[in-house]
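Asks: This is structure-v8.txt, which holds compact mmCIF, C-alpha atoms and all ligand atoms:
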# COMPACT_ATOMS: atom_id res chain seq x y z
CA MET I 174 29.89 62.68 40.61
CA SER I 175 26.77 64.01 39.00
CA PRO I 176 23.51 64.67 40.84
CA PHE I 177 20.18 62.90 40.46
CA LEU I 178 18.46 66.30 40.26
CA ILE I 179 19.27 70.00 40.59
CA ASP I 180 16.71 72.20 42.35
CA ALA I 181 17.10 75.20 40.04
CA HIS I 182 15.37 77.62 42.43
CA SER I 183 15.36 77.40 46.23
CA HIS I 184 15.26 79.96 49.03
CA ILE I 185 16.95 78.13 51.87
CA ASN I 186 18.51 81.56 52.49
CA PHE I 187 15.11 82.72 53.80
CA SER I 188 14.34 82.79 57.50
CA ALA I 189 11.98 79.81 57.14
CA TYR I 190 15.17 77.69 57.44
CA LYS I 191 17.01 79.67 60.09
CA ASP I 192 16.76 76.82 62.61
CA ASP I 193 17.46 73.79 60.45
CA ALA I 194 19.12 74.71 57.15
CA PRO I 195 21.96 72.16 57.66
CA GLU I 196 19.44 69.31 58.02
CA VAL I 197 17.47 70.52 55.01
CA ILE I 198 20.69 70.57 52.97
CA ARG I 199 21.66 67.11 54.25
CA ARG I 200 18.28 65.64 53.18
CA ALA I 201 18.89 67.04 49.70
CA GLU I 202 22.40 65.56 49.65
CA ASP I 203 20.96 62.19 50.74
CA GLY I 204 18.76 62.28 47.63
CA ALA I 205 21.69 63.42 45.43
CA VAL I 206 19.92 66.74 44.90
CA TRP I 207 22.10 69.80 44.23
CA MET I 208 20.58 73.26 44.51
CA PHE I 209 20.63 76.88 43.49
CA VAL I 210 19.97 79.36 46.29
CA VAL I 211 18.29 82.45 44.86
CA GLY I 212 18.39 85.95 46.32
CA SER I 213 15.38 88.30 46.43
CA GLN I 214 17.24 91.44 47.62
CA ILE I 215 20.76 92.34 48.75
CA ASP I 216 20.72 90.55 52.12
CA THR I 217 19.27 87.27 50.84
CA SER I 218 21.58 87.47 47.81
CA ARG I 219 24.57 87.82 50.13
CA ARG I 220 23.34 84.85 52.17
CA ALA I 221 22.95 82.82 48.94
CA VAL I 222 26.64 83.40 48.19
CA GLU I 223 27.56 82.41 51.76
CA TYR I 224 25.74 79.07 51.36
CA ALA I 225 27.44 78.49 48.01
CA GLU I 226 30.80 79.17 49.62
CA GLN I 227 30.09 76.76 52.46
CA TYR I 228 28.61 73.81 50.55
CA GLU I 229 30.08 72.09 47.52
CA HIS I 230 26.74 71.29 45.86
CA ILE I 231 25.13 74.71 46.27
CA TRP I 232 25.37 77.59 43.78
CA ALA I 233 24.12 81.16 44.15
CA VAL I 234 21.90 83.37 42.02
CA VAL I 235 21.89 87.05 43.02
CA GLY I 236 19.37 89.75 42.20
CA LEU I 237 16.51 92.04 43.20
CA HIS I 238 12.94 90.71 43.07
CA PRO I 239 10.36 93.18 41.72
CA ILE I 240 8.30 93.08 44.94
CA HIS I 241 11.21 94.63 46.83
CA LEU I 242 11.13 97.78 44.68
CA VAL I 243 8.30 99.19 46.78
CA ASP I 244 7.65 99.36 50.50
CA THR I 245 5.83 96.11 50.86
CA PHE I 246 4.45 93.59 53.29
CA VAL I 247 6.27 90.30 53.05
CA ASP I 248 5.70 87.18 55.04
CA LYS I 249 7.92 86.15 57.91
CA HIS I 250 9.21 83.13 55.99
CA GLU I 251 11.36 85.42 53.89
CA VAL I 252 12.92 88.06 56.09
CA GLY I 253 12.52 87.36 59.75
CA GLU I 254 10.32 86.70 62.71
CA GLU I 255 10.04 90.09 64.42
CA GLN I 256 6.30 89.68 64.58
CA GLU I 257 5.65 85.98 64.73
CA GLY I 258 2.96 84.93 62.29
CA VAL I 259 2.42 88.43 60.95
CA ALA I 260 3.56 89.88 57.66
CA PHE I 261 5.51 93.09 58.09
CA ARG I 262 6.79 95.95 56.06
CA THR I 263 10.16 96.00 54.29
CA ARG I 264 11.78 99.16 53.02
CA ARG I 265 12.09 99.50 49.26
CA GLU I 266 15.46 98.73 47.71
CA VAL I 267 16.92 100.63 44.77
CA PHE I 268 18.94 98.36 42.45
CA ASP I 269 22.63 99.04 43.01
CA ALA I 270 24.57 97.40 40.18
CA ASP I 271 27.90 97.79 42.00
CA ALA I 272 26.70 95.89 45.07
CA TYR I 273 25.33 93.03 42.97
CA ARG I 274 28.38 93.02 40.67
CA ILE I 275 30.57 92.11 43.67
CA LEU I 276 28.30 89.17 44.57
CA ALA I 277 28.00 88.10 40.92
CA ALA I 278 31.79 87.97 40.56
CA HIS I 279 31.98 85.16 43.10
CA PRO I 280 33.08 81.93 41.34
CA LYS I 281 29.97 80.10 42.56
CA THR I 282 27.43 82.74 41.52
CA VAL I 283 25.97 81.23 38.36
CA GLY I 284 23.16 83.63 37.43
CA ILE I 285 21.40 86.99 37.92
CA GLY I 286 17.95 87.00 39.55
CA GLU I 287 15.39 86.63 40.58
CA CYS I 288 14.34 89.66 38.60
CA GLY I 289 11.38 90.40 36.38
CA MET I 290 7.80 91.60 36.51
CA ASP I 291 5.24 91.00 39.29
CA PHE I 292 1.79 92.54 38.83
CA TYR I 293 0.30 90.53 41.68
CA HIS I 294 1.96 92.16 44.68
CA ILE I 295 1.41 95.83 43.82
CA PRO I 296 0.28 97.40 47.11
CA GLU I 297 -3.08 99.08 47.24
CA GLY I 298 -3.05 102.82 46.74
CA MET I 299 0.06 102.81 44.57
CA ASN I 300 0.05 103.99 40.99
CA VAL I 301 0.17 100.79 38.95
CA ALA I 302 1.83 102.35 35.91
CA THR I 303 4.59 103.90 38.06
CA VAL I 304 5.29 100.65 39.88
CA GLN I 305 5.40 98.75 36.60
CA ARG I 306 7.79 101.28 35.10
CA GLU I 307 10.10 100.91 38.11
CA GLN I 308 9.94 97.13 37.78
CA GLU I 309 10.88 97.42 34.12
CA ASP I 310 13.83 99.74 34.92
CA ALA I 311 15.23 97.38 37.58
CA PHE I 312 14.69 94.40 35.27
CA ARG I 313 16.54 96.14 32.42
CA ALA I 314 19.41 97.05 34.75
CA GLN I 315 19.74 93.38 35.74
CA ILE I 316 19.54 92.25 32.10
CA ALA I 317 22.42 94.65 31.42
CA LEU I 318 24.44 93.27 34.36
CA ALA I 319 23.85 89.72 33.13
CA ARG I 320 25.06 90.75 29.70
CA GLU I 321 28.16 92.44 31.10
CA LEU I 322 29.09 89.31 33.06
CA GLY I 323 27.91 86.77 30.48
CA LEU I 324 25.55 85.20 33.04
CA PRO I 325 22.09 83.71 32.49
CA LEU I 326 19.00 85.38 33.99
CA VAL I 327 16.53 83.85 36.43
CA VAL I 328 13.28 85.56 35.53
CA HIS I 329 10.22 85.88 37.80
CA VAL I 330 6.89 86.64 36.11
CA ARG I 331 3.55 86.91 37.87
CA ASP I 332 0.29 88.24 36.49
CA GLY I 333 -1.98 90.52 38.47
CA ALA I 334 -5.05 89.00 40.04
CA PRO I 335 -8.09 91.22 39.93
CA THR I 336 -9.77 91.36 43.34
CA PRO I 337 -12.47 93.68 44.70
CA SER I 338 -9.85 95.72 46.59
CA HIS I 339 -7.95 96.16 43.34
CA SER I 340 -10.87 97.53 41.38
CA PRO I 341 -9.93 99.67 38.38
CA SER I 342 -11.70 102.70 39.84
CA GLN I 343 -9.10 102.85 42.63
CA ARG I 344 -6.12 102.55 40.37
CA GLU I 345 -4.61 104.60 37.63
CA GLY I 346 -2.87 103.15 34.62
CA GLU I 347 -4.77 99.89 35.02
CA ASP I 348 -4.94 99.32 31.27
CA LYS I 349 -1.27 98.31 31.16
CA SER I 350 -1.40 95.83 33.99
CA GLY I 351 -2.97 92.92 32.16
CA ASP I 352 -0.35 90.37 31.32
CA ALA I 353 3.06 90.23 32.97
CA HIS I 354 4.23 87.59 30.48
CA GLU I 355 3.49 89.81 27.49
CA GLU I 356 5.40 92.66 29.15
CA THR I 357 8.32 90.34 29.93
CA ILE I 358 8.43 89.03 26.37
CA ARG I 359 8.41 92.62 25.10
CA ILE I 360 11.28 93.65 27.43
CA LEU I 361 13.41 90.57 26.70
CA GLY I 362 12.70 90.94 22.97
CA GLY I 363 13.79 94.59 23.12
CA ALA I 364 16.95 93.57 24.98
CA TYR I 365 17.67 91.04 22.25
CA ASP I 366 17.41 93.72 19.57
CA ALA I 367 19.62 96.08 21.55
CA TRP I 368 22.26 93.40 22.02
CA ASP I 369 23.01 93.21 18.31
CA GLY I 370 22.04 89.59 18.15
CA VAL I 371 23.83 88.55 21.35
CA ARG I 372 21.11 86.60 23.07
CA PRO I 373 20.07 87.19 26.66
CA ARG I 374 19.63 83.69 28.08
CA GLY I 375 18.22 82.13 31.18
CA LEU I 376 15.11 80.51 32.54
CA ILE I 377 11.56 81.60 33.23
CA HIS I 378 11.14 80.32 36.77
CA CYS I 379 7.88 78.92 38.23
CA TYR I 380 6.36 78.95 34.76
CA SER I 381 2.76 80.19 34.67
CA GLY I 382 2.26 81.35 31.08
CA THR I 383 0.53 79.75 28.13
CA TRP I 384 2.09 77.39 25.60
CA ASN I 385 2.01 80.17 23.03
CA GLN I 386 4.07 82.39 25.36
CA ALA I 387 6.40 79.48 26.15
CA GLU I 388 7.11 79.09 22.44
CA ARG I 389 8.11 82.74 22.25
CA TYR I 390 10.38 82.47 25.33
CA LEU I 391 11.99 79.37 23.83
CA ALA I 392 12.54 81.15 20.51
CA MET I 393 14.40 83.91 22.40
CA GLY I 394 16.71 81.38 24.09
CA PHE I 395 14.94 81.10 27.46
CA ASN I 396 14.22 77.76 29.09
CA ILE I 397 11.09 76.93 31.10
CA SER I 398 11.25 75.88 34.77
CA PHE I 399 8.51 73.98 36.62
CA THR I 400 7.61 73.93 40.33
CA GLY I 401 5.34 71.81 42.53
CA VAL I 402 2.38 73.70 41.05
CA ILE I 403 2.33 71.05 38.29
CA THR I 404 1.54 68.39 40.94
CA PHE I 405 -1.57 70.19 42.21
CA THR I 406 -5.03 68.79 41.55
CA PRO I 407 -7.00 71.75 40.23
CA THR I 408 -10.45 72.81 41.33
CA LYS I 409 -13.05 72.92 38.58
CA LYS I 410 -12.46 76.65 38.16
CA GLN I 411 -8.66 76.30 37.96
CA ARG I 412 -8.86 73.35 35.60
CA PRO I 413 -8.34 75.25 32.29
CA ILE I 414 -5.26 77.04 33.68
CA GLN I 415 -3.75 73.79 34.99
CA GLU I 416 -4.52 72.00 31.70
CA GLU I 417 -2.62 74.75 29.85
CA LEU I 418 0.36 74.39 32.24
CA TRP I 419 0.37 70.61 31.72
CA ARG I 420 0.31 71.27 27.99
CA VAL I 421 3.53 73.27 28.41
CA VAL I 422 5.07 70.40 30.43
CA ARG I 423 4.21 67.93 27.66
CA ASN I 424 5.33 70.12 24.77
CA VAL I 425 8.54 71.78 25.98
CA PRO I 426 11.55 70.20 24.21
CA LEU I 427 13.45 67.70 26.37
CA ASP I 428 16.56 69.88 26.26
CA ARG I 429 14.84 73.13 27.32
CA PHE I 430 13.31 72.66 30.81
CA HIS I 431 14.34 72.71 34.48
CA VAL I 432 12.75 71.57 37.74
CA GLU I 433 12.71 73.62 40.94
CA THR I 434 10.96 73.90 44.30
CA ASP I 435 10.83 77.70 44.94
CA CYS I 436 10.90 76.52 48.57
CA PRO I 437 9.65 77.38 51.18
CA TYR I 438 6.64 78.04 48.92
CA LEU I 439 4.65 75.87 46.47
CA THR I 440 5.11 72.55 48.29
CA PRO I 441 4.38 69.69 45.87
CA GLU I 442 2.04 66.79 46.45
CA PRO I 443 2.15 64.64 48.56
CA HIS I 444 3.63 67.17 51.04
CA ARG I 445 1.29 70.03 50.15
CA GLY I 446 0.41 72.13 53.19
CA GLY I 447 3.84 71.74 54.85
CA ARG I 448 7.04 73.67 54.31
CA ASN I 449 8.76 72.91 51.01
CA GLU I 450 12.45 71.94 50.68
CA PRO I 451 14.91 71.09 47.88
CA ALA I 452 14.66 67.29 48.40
CA TYR I 453 11.02 67.54 47.23
CA VAL I 454 12.11 68.56 43.73
CA ARG I 455 11.92 64.84 43.07
CA HIS I 456 8.09 65.08 43.09
CA VAL I 457 8.21 67.79 40.43
CA ALA I 458 10.41 65.61 38.22
CA GLU I 459 8.09 62.64 38.81
CA LYS I 460 5.10 64.67 37.62
CA VAL I 461 6.99 65.80 34.51
CA ALA I 462 7.79 62.13 33.80
CA GLU I 463 4.16 61.11 34.34
CA LEU I 464 2.78 63.85 32.08
CA ARG I 465 5.27 63.00 29.33
CA ALA I 466 4.85 59.22 29.80
CA CYS I 467 8.60 58.91 30.07
CA PRO I 468 10.93 57.23 32.63
CA LEU I 469 11.89 59.40 35.62
CA GLN I 470 15.58 58.66 34.96
CA ASP I 471 15.36 60.26 31.51
CA ILE I 472 13.63 63.37 32.85
CA ALA I 473 16.10 63.66 35.73
CA ARG I 474 19.12 63.31 33.45
CA ALA I 475 17.76 65.81 30.91
CA SER I 476 16.96 68.42 33.54
CA VAL I 477 20.43 68.11 35.11
CA GLU I 478 22.14 68.42 31.72
CA ASN I 479 19.96 71.40 30.80
CA THR I 480 20.85 73.19 34.03
CA MET I 481 24.59 72.50 33.72
CA ARG I 482 24.53 73.71 30.09
CA MET I 483 22.61 76.92 30.82
CA PHE I 484 24.52 77.80 34.00
CA TRP I 485 27.96 77.35 32.50
CA LYS I 486 29.84 78.59 35.56
CA MET I 487 28.96 75.29 37.31
CA GLN I 488 31.63 73.73 35.08
CA SER I 489 34.44 76.08 36.02
ZN ZN X 501 9.74 84.07 41.88
ZN ZN X 502 11.71 82.52 44.17
Is it possible to express this structure as structure tokens?
Ligand SMILES: [Zn+2]
Ligand SMILES: [Zn+2]

Replies:
Amino acid sequence: MSPFLIDAHSHINFSAYKDDAPEVIRRAEDGAVWMFVVGSQIDTSRRAVEYAEQYEHIWAVVGLHPIHLVDTFVDKHEVGEEQEGVAFRTRREVFDADAYRILAAHPKTVGIGECGMDFYHIPEGMNVATVQREQEDAFRAQIALARELGLPLVVHVRDGAPTPSHSPSQREGEDKSGDAHEETIRILGGAYDAWDGVRPRGLIHCYSGTWNQAERYLAMGFNISFTGVITFTPTKKQRPIQEELWRVVRNVPLDRFHVETDCPYLTPEPHRGGRNEPAYVRHVAEKVAELRACPLQDIARASVENTMRMFWKMQS
């Protein structure tokens, strides 16, 4: 049996689903949706493998998200409910290749991630250049682990958003913080050179870059993955950014894209405002089909084939 769609990036391992994960999984199964469960640190990576072990149509991706490299406030949907409704602090994690290697060796772990660069969630008062250097080190360590195991990478990239509280006068090393995609392209490009022509592969999840950057990711062997963000109706101010994203959706080759939810976040229309779940990946695929003026069946089939081809361990 082959699925209608594969949600290439879900977090049903997060506490947002602690009460009803089995029902959420069943709704996906009802829609013939298979899913990847993606870790953000060691505990959620371990839980991703547990889900993959328990359910036939779930696969795990294990890795350390750049926001967990610093003491940080995260929302209760990810880690727990100690303080209901209030974000709380998590302790920083240092990437331990041995711990992740054990999880990655599991037959149903298909990729390494999510790892990458996040310039948005750098806490106030921290040295931006230092944090970015630590993100790069952890990213490189995970690129190396992926290479060692022959696994594709699931790459997270988020640009910084300048706000009044993040004014340059408060922060050192600000000059480097501009564009997380340019930094990611530089790091992946460097890894490519160092690998003597053996390509790092994988996907750029929740794509937010320009078409020009997408072309460079594609040239390096990385696919582009879309979330419910593509279903959003932009405000006038967001319009140019959304138009550029839609341009990427229209232009990416049919054999080089994936669809994902990134649930519990980024809930697509028409469910926007509620909690997201893997079954809703259908709305992402529908929007891709609409933007490309192409039947949903063709988009669904292509995205499933692309995911099975990239994440080769699904076959074994
Ligand atoms: Zn992410
Ligand atoms: Zn994610």

Asks: Could you give me the residues within 12 Å of ligand ZN 502 (chain X), counting all atoms listed in the file, as a VMD selection string?

Replies: chain I and resid 180 to 187 209 to 214 217 to 218 234 to 240 251 286 to 289 291 327 to 331 377 to 380 398 to 400 433 to 439

Asks: If you measure from atom CA of Thr383 of chain I to atom CA of Asn300 of chain I, what distance in Å do you get, rounded to one decimal?

Replies: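 For atom CA of Thr383 of chain I relative to atom CA of Asn300 of chain I, the distance reads 27.4 Å.
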
Asks: What gap, in Å, lies between atom CA of Glu321 of chain I and atom CA of Leu178 of chain I?

Replies: 29.3 Å

Asks: Quick one: distance from atom CA of Ala452 of chain I to atom CA of Phe177 of chain I in Å, one decimal?

Replies: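 For atom CA of Ala452 of chain I relative to atom CA of Phe177 of chain I, the distance reads 10.6 Å.
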
Asks: Please enclose the listed atoms of segment 453-470 of chain I in an axis-aligned box, pad each side by 5 Å, and write out the centre and the three edge lengths in Å, rounded to one decimal, as JSON.

Replies:
{"center_x": 9.2, "center_y": 62.9, "center_z": 38.3, "size_x": 22.8, "size_y": 21.3, "size_z": 27.9}

Asks: Which residues, protein or nucleic acid, reach to within 6 Å of (27.6, 86.2, 46.3) in the file's coordinates when using all atoms listed in the file, and can you give that as an NGL selection string?

Replies: :I and (219 or 222 or 276-277 or 279 or 282)

Asks: Any idea what's packed within 12 Å of Ala314 of chain I, counting all atoms listed in the file, ignoring anything in its chain fewer than 6 positions away? Could you give it as a ChimeraX atom specification?

Replies: /I:236-237,267-271,273-274,285-286,288-289,307-308,320-321,326,360-361,364

Asks: From the options I:Ala233, I:Val425, I:Glu450, I:Gln415, which residue's atoms come nearest to Arg199 of chain I, counting all atoms listed in the file?

Replies: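 Counting all atoms listed in the file, the residue closest to Arg199 of chain I is I:Glu450.
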
Asks: Residues within 10 Å of Ala466 of chain I, please, as a PyMOL selection string. Count all atoms listed in the file; anything in the same chain fewer than 5 positions from it doesn't count.

Replies: chain I and resi 423+460-461

Asks: Looking at I:Glu266, I:Glu202, I:Asp471, I:Asp192, which one is nearest to Ala311 of chain I, with distances taken over only C-alpha atoms?

Replies: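 Looking only at the distances to Ala311 of chain I, the closest residue turns out to be I:Glu266.
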
Asks: Taking (0.1, 87.8, 29.6) as a centre in this file's frame and 10 Å as the limit, can you find every polymer residue with an atom that close, using all atoms listed in the file, and give them as a ChimeraX atom specification?

Replies: /I:330-333,350-358,381-383,386

Asks: Let me see the file: selected residues, C-alpha atoms, as a PDB file, keeping the file's coordinate frame.

Replies:
ATOM      1  CA  VAL I 330       6.890  86.640  36.110  1.00  0.00           C
ATOM      2  CA  ARG I 331       3.550  86.910  37.870  1.00  0.00           C
ATOM      3  CA  ASP I 332       0.290  88.240  36.490  1.00  0.00           C
ATOM      4  CA  GLY I 333      -1.980  90.520  38.470  1.00  0.00           C
ATOM      5  CA  SER I 350      -1.400  95.830  33.990  1.00  0.00           C
ATOM      6  CA  GLY I 351      -2.970  92.920  32.160  1.00  0.00           C
ATOM      7  CA  ASP I 352      -0.350  90.370  31.320  1.00  0.00           C
ATOM      8  CA  ALA I 353       3.060  90.230  32.970  1.00  0.00           C
ATOM      9  CA  HIS I 354       4.230  87.590  30.480  1.00  0.00           C
ATOM     10  CA  GLU I 355       3.490  89.810  27.490  1.00  0.00           C
ATOM     11  CA  GLU I 356       5.400  92.660  29.150  1.00  0.00           C
ATOM     12  CA  THR I 357       8.320  90.340  29.930  1.00  0.00           C
ATOM     13  CA  ILE I 358       8.430  89.030  26.370  1.00  0.00           C
ATOM     14  CA  SER I 381       2.760  80.190  34.670  1.00  0.00           C
ATOM     15  CA  GLY I 382       2.260  81.350  31.080  1.00  0.00           C
ATOM     16  CA  THR I 383       0.530  79.750  28.130  1.00  0.00           C
ATOM     17  CA  GLN I 386       4.070  82.390  25.360  1.00  0.00           C
TER      18      GLN I 386
END

Asks: Pick from I:Trp368, I:Trp419, I:Tyr453, I:Phe405: nearest to Val432 of chain I, with all atoms listed in the file counted?

Replies: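 Checking each candidate against Val432 of chain I, we get I:Tyr453 as the closest.
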
Asks: Given the choices I:His294, I:Lys410, I:Arg359, I:Arg372, which gets closest to Gly323 of chain I if the distance is worked out from only C-alpha atoms?

Replies: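 Of I:His294, I:Lys410, I:Arg359, I:Arg372, the one nearest Gly323 of chain I is I:Arg372, counting only C-alpha atoms.
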
Asks: Choose the residue, out of I:Ile295, I:Val206, I:Val422, I:Ala201, that has the smallest atom-to-atom separation from Met174 of chain I; count all atoms listed in the file.

Replies: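 Selected residue with least distance to Met174 of chain I: I:Val206.
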
Asks: When you count all atoms listed in the file, which of these residues is closest to Lys281 of chain I: I:His444, I:Arg313, I:Arg264, I:His230?

Replies: I:His230
